[in-house]
Structures are given as C-alpha cells and as structure tokens.
Amino acid sequence: MTSDNQHLKGTTTVGIACSDAVVLATERRATMGNFIASKTAKKIYQIDDRIGMTTAGSVGDAQQIVRIISVEAKLFKMRRKEPMTIKGITTLLSNLLSGQRYFPLMVQLIVGGVDKTGPNMYSLDPLGGRIEETNIVATGSGSPITYGLLEDRYHEGMTSDEGIDLAVRALHNAMKRDSASGDGIDVVVITKDGYKQLNEKEVNNKRAALN
C-alpha cells in the first residue's frame with residue numbers, strides 16, 4: 001500500500017449470521033475517487049482466534065483500528081486467561097470511534113465470529129454507533145445492491161455453506177453494478193472450530209456456479 005493509503009477507500013462488505021457460524025465477505029478493490037488504486041486491498045482482518053472484522057472506508061484508518069483492537073484482544077486474553085467476547089470487542093471499538101468524534105475515523109465495520117455465547121455479529125459506524133446484527137448486514141458503496149439480494153435470499157437457520165453461497169452471490173452482483181467494487185472476493189467463515197478463509201479456487205468455484 002502506498003504512503004497515501006489514508007486516501008484509499010474500501011467498498012462493499014457483507015456479514016451473514018448462520019445457525020452454526022458467521023460468514024464475512026468483501027471484494028478487493030480500493031479507489032481514490034474514480035481511480036482504481038488497488039486490486040488486492042485487504043478488507044477482512046482476523047482480530048482473535050474466532051473473531052473477524054471487515055472494513056469499508058479509509059484504508060489507513062481501518063489499519064490503525066485493526067492494530068489497536070488486535071493488541072487489546074491479546075492483552076485481555078493474557079490477563080484474564082480467556083478471549084474477549086464479541087460484545088466486549090465491539091464495545092471497545094465503539095468507545096474508540098466515539099472518542100474521535102472531532103477527527104472521526106472514516107470507516108464502517110462489521111465484527112463477527114463465535115464466542116462462548118455462540119455466533120454473534122455487530123456493525124459500527126464512524127462515530128461509534130453499534131448495532132447487533134442478527135441475520136444480515138452490508139456496508140460500503142455496493143451495499144444498496146447487496147441488501148436487495150440478501151433480504152430476498154436469507155432465511156432463519158441458514159447453514160454456513162448456504163451463508164457462503166449467499167455472500168458470494170451478493171458480492172458478485174455488487175461487482176457487476178457498482179464501479180467501486182471489483183477485482184475478486186475474499187470470504188471467511190468462523191465456527192466454534194476456528195477461523196477459515198476460503199482459497200481462490202473455492203471462491204471461483206462458487207462464482208462459476210452462479211453463471
């Protein structure tokens with residue numbers, strides 16, 4: 001990433017709460033206005049063993065937040081001998097964002113995973129607003145496109161495999177209609193057994209099945 005990465009913008013991200021997992025997915029394009037600045041932008045970060053976070057907005061601000069919250073999660077685990085809950089991590093993130101009210105960190109975040117209470121997912125806005133998401137959520141420039149499909153296809157009790165298929169389908173459609181979204185899809189599925197990122201072949205097979 002260039003030294004001007006604070007000006008790069010991340011775009012469409014999706015979170016889906018399943019019966020046994022949380023699925024997080026993003027596309028890879030970062031833009032500066034109408035300029036495509038990167039085709040391999042990282043927008044999903046592993047915060048703890050079974051917790052992930054997606055970012056949309058300023059890449060530089062997102063990277064700063066990831067550094068802070070990852071350290072805090074590690075320190076908590078060292079002191080308490082147990083991982084921080086997703087509710088605890090998002091409360092800390094909310095306080096961090098709201099504390100920057102006069103110089104806001106320009107990001108939209110989805111935080112999800114599995115902790116001792118089961119699968120959980122939250123969304124956060126740049127000023128620290130925090131919402132528990134019980135089924136679907138999308139952020140970024142392509143979110144209006146993804147929401148139509150997510151709301152139509154989501155159902156209660158969805159399995160992680162169904163969630164992966166839906167996330168890929170939603171981003172695939174966003175990439176066709178939103179010029180700020182594109183250049184591949186990253187998908188993470190988090191279960192009680194751990195954090196797994198799908199490889200390129202697995203994602204491409206899912207996309208090929210849509211055509």
# chains A, B, ... in the order shown; residues from 1 in each chain; ligands from 1
>>> select_by_dssp(residues="stretch 71-196 of chain A", states="helix (DSSP H, G or I)", output="ChimeraX atom specification")
/A:71-80,86-98,143-153,160-177
>>> closest_atom_pairs(of="stretch 62-108 of chain A", to="stretch 121-130 of chain A", cutoff="7 Å", atoms="only C-alpha atoms", output="Markdown table")
| residue | atom | partner | partner_atom | distance |
| --- | --- | --- | --- | --- |
| A:Ser94 | CA | A:Gly128 | CA | 4.2 |
| A:Asn95 | CA | A:Gly128 | CA | 6.4 |
| A:Leu97 | CA | A:Gly128 | CA | 4.7 |
| A:Ser98 | CA | A:Gly128 | CA | 4.6 |
| A:Arg101 | CA | A:Leu127 | CA | 6.0 |
| A:Pro104 | CA | A:Pro126 | CA | 6.3 |
| A:Leu105 | CA | A:Pro126 | CA | 5.8 |
| A:Met106 | CA | A:Pro126 | CA | 5.4 |
| A:Val107 | CA | A:Pro126 | CA | 5.3 |
| A:Gln108 | CA | A:Asp125 | CA | 4.9 |
>>> write_last_selection(atoms="N, CA and C atoms", output="PDB file, in the first residue's frame")
ATOM      1  N   SER A  94     -16.500   0.787  19.767  1.00  0.00           N
ATOM      2  CA  SER A  94     -17.453   1.888  19.810  1.00  0.00           C
ATOM      3  C   SER A  94     -16.893   3.061  20.612  1.00  0.00           C
ATOM      4  N   ASN A  95     -16.267   2.763  21.755  1.00  0.00           N
ATOM      5  CA  ASN A  95     -15.664   3.817  22.576  1.00  0.00           C
ATOM      6  C   ASN A  95     -14.506   4.495  21.841  1.00  0.00           C
ATOM      7  N   LEU A  97     -14.096   4.772  18.539  1.00  0.00           N
ATOM      8  CA  LEU A  97     -14.617   5.595  17.445  1.00  0.00           C
ATOM      9  C   LEU A  97     -15.305   6.857  17.967  1.00  0.00           C
ATOM     10  N   SER A  98     -16.102   6.724  19.021  1.00  0.00           N
ATOM     11  CA  SER A  98     -16.811   7.898  19.538  1.00  0.00           C
ATOM     12  C   SER A  98     -15.845   8.893  20.182  1.00  0.00           C
ATOM     13  N   ARG A 101     -14.603  11.809  17.810  1.00  0.00           N
ATOM     14  CA  ARG A 101     -15.751  12.488  17.194  1.00  0.00           C
ATOM     15  C   ARG A 101     -15.345  13.725  16.387  1.00  0.00           C
ATOM     16  N   PRO A 104     -13.023  12.173  13.105  1.00  0.00           N
ATOM     17  CA  PRO A 104     -13.526  10.787  13.020  1.00  0.00           C
ATOM     18  C   PRO A 104     -12.679   9.890  12.127  1.00  0.00           C
ATOM     19  N   LEU A 105     -12.639   8.619  12.524  1.00  0.00           N
ATOM     20  CA  LEU A 105     -12.015   7.581  11.707  1.00  0.00           C
ATOM     21  C   LEU A 105     -13.068   7.142  10.697  1.00  0.00           C
ATOM     22  N   MET A 106     -12.794   7.365   9.414  1.00  0.00           N
ATOM     23  CA  MET A 106     -13.826   7.206   8.397  1.00  0.00           C
ATOM     24  C   MET A 106     -13.939   5.753   7.948  1.00  0.00           C
ATOM     25  N   VAL A 107     -14.608   4.969   8.760  1.00  0.00           N
ATOM     26  CA  VAL A 107     -14.766   3.542   8.477  1.00  0.00           C
ATOM     27  C   VAL A 107     -16.171   3.075   8.850  1.00  0.00           C
ATOM     28  N   GLN A 108     -16.605   2.041   8.166  1.00  0.00           N
ATOM     29  CA  GLN A 108     -17.758   1.242   8.594  1.00  0.00           C
ATOM     30  C   GLN A 108     -17.226  -0.156   8.850  1.00  0.00           C
TER      31      GLN A 108
END
>>> atom_distance(atom1="atom CA of A:Leu198", atom2="atom CA of A:Val168")
11.1 Å
>>> residues_around(residues="A:Asn135", least_positions_apart="5", cutoff="10 Å", atoms="only C-alpha atoms", output="PyMOL selection string")
chain A and resi 15-19+22+120-121+150-151+154-158
>>> write_last_selection(atoms="C-alpha atoms", output="mmCIF file, in the first residue's frame")
data_model
loop_
_atom_site.group_PDB
_atom_site.id
_atom_site.type_symbol
_atom_site.label_atom_id
_atom_site.label_comp_id
_atom_site.auth_asym_id
_atom_site.auth_seq_id
_atom_site.Cartn_x
_atom_site.Cartn_y
_atom_site.Cartn_z
ATOM 1 C CA GLY A 15 -21.813 -10.251 7.013
ATOM 2 C CA ILE A 16 -24.226 -13.164 7.417
ATOM 3 C CA ALA A 17 -25.167 -14.773 10.734
ATOM 4 C CA CYS A 18 -25.799 -18.506 10.273
ATOM 5 C CA SER A 19 -27.031 -21.171 12.651
ATOM 6 C CA VAL A 22 -20.685 -16.161 10.903
ATOM 7 C CA ASN A 120 -22.532 -13.005 17.101
ATOM 8 C CA MET A 121 -22.237 -10.076 14.705
ATOM 9 C CA LEU A 150 -29.524 -10.606 0.904
ATOM 10 C CA GLU A 151 -33.016 -9.781 2.134
ATOM 11 C CA TYR A 154 -31.691 -15.040 3.625
ATOM 12 C CA HIS A 155 -33.665 -17.399 5.853
ATOM 13 C CA GLU A 156 -33.559 -18.384 9.511
ATOM 14 C CA GLY A 157 -31.412 -21.406 10.318
ATOM 15 C CA MET A 158 -29.135 -20.872 7.322
#
>>> residues_around(residues="A:Ser70", least_positions_apart="4", cutoff="9 Å", atoms="only C-alpha atoms", output="PyMOL selection string")
chain A and resi 46-48+65-66+74-75
>>> write_last_selection(atoms="all heavy atoms", output="PDB file, in the first residue's frame")
ATOM      1  N   GLN A  46      -8.370 -10.789  10.860  1.00  0.00           N
ATOM      2  CA  GLN A  46      -8.616 -11.675  11.997  1.00  0.00           C
ATOM      3  C   GLN A  46      -8.203 -10.939  13.261  1.00  0.00           C
ATOM      4  O   GLN A  46      -7.033 -10.553  13.427  1.00  0.00           O
ATOM      5  CB  GLN A  46      -7.839 -12.983  11.857  1.00  0.00           C
ATOM      6  CG  GLN A  46      -8.158 -13.979  12.971  1.00  0.00           C
ATOM      7  CD  GLN A  46      -7.545 -15.351  12.735  1.00  0.00           C
ATOM      8  OE1 GLN A  46      -6.803 -15.555  11.776  1.00  0.00           O
ATOM      9  NE2 GLN A  46      -7.841 -16.291  13.623  1.00  0.00           N
ATOM     10  N   ILE A  47      -9.152 -10.734  14.160  1.00  0.00           N
ATOM     11  CA  ILE A  47      -8.915  -9.991  15.394  1.00  0.00           C
ATOM     12  C   ILE A  47      -8.518 -10.926  16.533  1.00  0.00           C
ATOM     13  O   ILE A  47      -7.698 -10.592  17.376  1.00  0.00           O
ATOM     14  CB  ILE A  47     -10.177  -9.188  15.791  1.00  0.00           C
ATOM     15  CG1 ILE A  47     -10.569  -8.221  14.669  1.00  0.00           C
ATOM     16  CG2 ILE A  47      -9.954  -8.425  17.086  1.00  0.00           C
ATOM     17  CD1 ILE A  47      -9.471  -7.271  14.259  1.00  0.00           C
ATOM     18  N   ASP A  48      -9.127 -12.097  16.576  1.00  0.00           N
ATOM     19  CA  ASP A  48      -8.818 -13.109  17.590  1.00  0.00           C
ATOM     20  C   ASP A  48      -9.033 -14.471  16.949  1.00  0.00           C
ATOM     21  O   ASP A  48      -9.375 -14.561  15.772  1.00  0.00           O
ATOM     22  CB  ASP A  48      -9.702 -12.912  18.823  1.00  0.00           C
ATOM     23  CG  ASP A  48      -9.060 -13.449  20.103  1.00  0.00           C
ATOM     24  OD1 ASP A  48      -8.074 -14.215  19.996  1.00  0.00           O
ATOM     25  OD2 ASP A  48      -9.546 -13.113  21.192  1.00  0.00           O
ATOM     26  N   ILE A  65      -7.176   1.001  13.324  1.00  0.00           N
ATOM     27  CA  ILE A  65      -8.135   0.360  14.229  1.00  0.00           C
ATOM     28  C   ILE A  65      -7.775  -1.110  14.446  1.00  0.00           C
ATOM     29  O   ILE A  65      -7.841  -1.619  15.572  1.00  0.00           O
ATOM     30  CB  ILE A  65      -9.563   0.506  13.662  1.00  0.00           C
ATOM     31  CG1 ILE A  65     -10.006   1.962  13.752  1.00  0.00           C
ATOM     32  CG2 ILE A  65     -10.545  -0.407  14.396  1.00  0.00           C
ATOM     33  CD1 ILE A  65     -11.267   2.260  12.971  1.00  0.00           C
ATOM     34  N   VAL A  66      -7.412  -1.798  13.366  1.00  0.00           N
ATOM     35  CA  VAL A  66      -7.047  -3.215  13.474  1.00  0.00           C
ATOM     36  C   VAL A  66      -5.858  -3.397  14.417  1.00  0.00           C
ATOM     37  O   VAL A  66      -5.856  -4.298  15.265  1.00  0.00           O
ATOM     38  CB  VAL A  66      -6.723  -3.801  12.084  1.00  0.00           C
ATOM     39  CG1 VAL A  66      -6.099  -5.188  12.219  1.00  0.00           C
ATOM     40  CG2 VAL A  66      -7.982  -3.879  11.240  1.00  0.00           C
ATOM     41  N   LYS A  74      -5.406  -9.327  22.577  1.00  0.00           N
ATOM     42  CA  LYS A  74      -4.304 -10.166  23.085  1.00  0.00           C
ATOM     43  C   LYS A  74      -4.019  -9.881  24.554  1.00  0.00           C
ATOM     44  O   LYS A  74      -3.797 -10.804  25.357  1.00  0.00           O
ATOM     45  CB  LYS A  74      -3.043  -9.947  22.248  1.00  0.00           C
ATOM     46  CG  LYS A  74      -3.096 -10.541  20.847  1.00  0.00           C
ATOM     47  CD  LYS A  74      -1.782 -10.324  20.115  1.00  0.00           C
ATOM     48  CE  LYS A  74      -1.756 -11.029  18.766  1.00  0.00           C
ATOM     49  NZ  LYS A  74      -2.715 -10.436  17.813  1.00  0.00           N
ATOM     50  N   LEU A  75      -4.004  -8.598  24.937  1.00  0.00           N
ATOM     51  CA  LEU A  75      -3.753  -8.232  26.326  1.00  0.00           C
ATOM     52  C   LEU A  75      -4.843  -8.771  27.247  1.00  0.00           C
ATOM     53  O   LEU A  75      -4.563  -9.267  28.343  1.00  0.00           O
ATOM     54  CB  LEU A  75      -3.663  -6.706  26.458  1.00  0.00           C
ATOM     55  CG  LEU A  75      -2.406  -6.049  25.896  1.00  0.00           C
ATOM     56  CD1 LEU A  75      -2.540  -4.530  25.921  1.00  0.00           C
ATOM     57  CD2 LEU A  75      -1.166  -6.484  26.670  1.00  0.00           C
TER      58      LEU A  75
END
>>> atom_distance(atom1="atom CA of A:Ala62", atom2="atom CA of A:Glu162")
28.7 Å
>>> residues_around(residues="A:Glu72", least_positions_apart="5", cutoff="9 Å", atoms="only C-alpha atoms", output="list of chain:residue names")
A:Arg67, A:Lys77, A:Ile89, A:Leu92
>>> closest_residue(among="A:Val203, A:Met78, A:Ile145, A:Val114", to="A:Ile185", atoms="only C-alpha atoms")
A:Val203
>>> residues_around(residues="A:Gly184", least_positions_apart="2", cutoff="10 Å", atoms="only C-alpha atoms", output="list of chain:residue names")
A:Thr26, A:Glu27, A:Arg28, A:Arg29, A:Lys39, A:Thr40, A:Ala41, A:Leu171, A:His172, A:Met175, A:Ser181, A:Gly182, A:Asp186, A:Glu200, A:Val203, A:Asn204, A:Arg207
>>> closest_residue(among="A:Leu96, A:Ile44, A:Ile110, A:Ala30", to="A:Gln197", atoms="only C-alpha atoms")
A:Ile44
>>> closest_residue(among="A:Thr90, A:Thr31, A:Val187, A:Pro83", to="A:Ile69", atoms="only C-alpha atoms")
A:Thr90
>>> closest_residue(among="A:Thr117, A:Ile190, A:Arg177, A:Gly52", to="A:Gly163", atoms="only C-alpha atoms")
A:Ile190
>>> closest_residue(among="A:Asp193, A:Lys87, A:Ile136, A:Gly142", to="A:Ala167", atoms="only C-alpha atoms")
A:Ile136
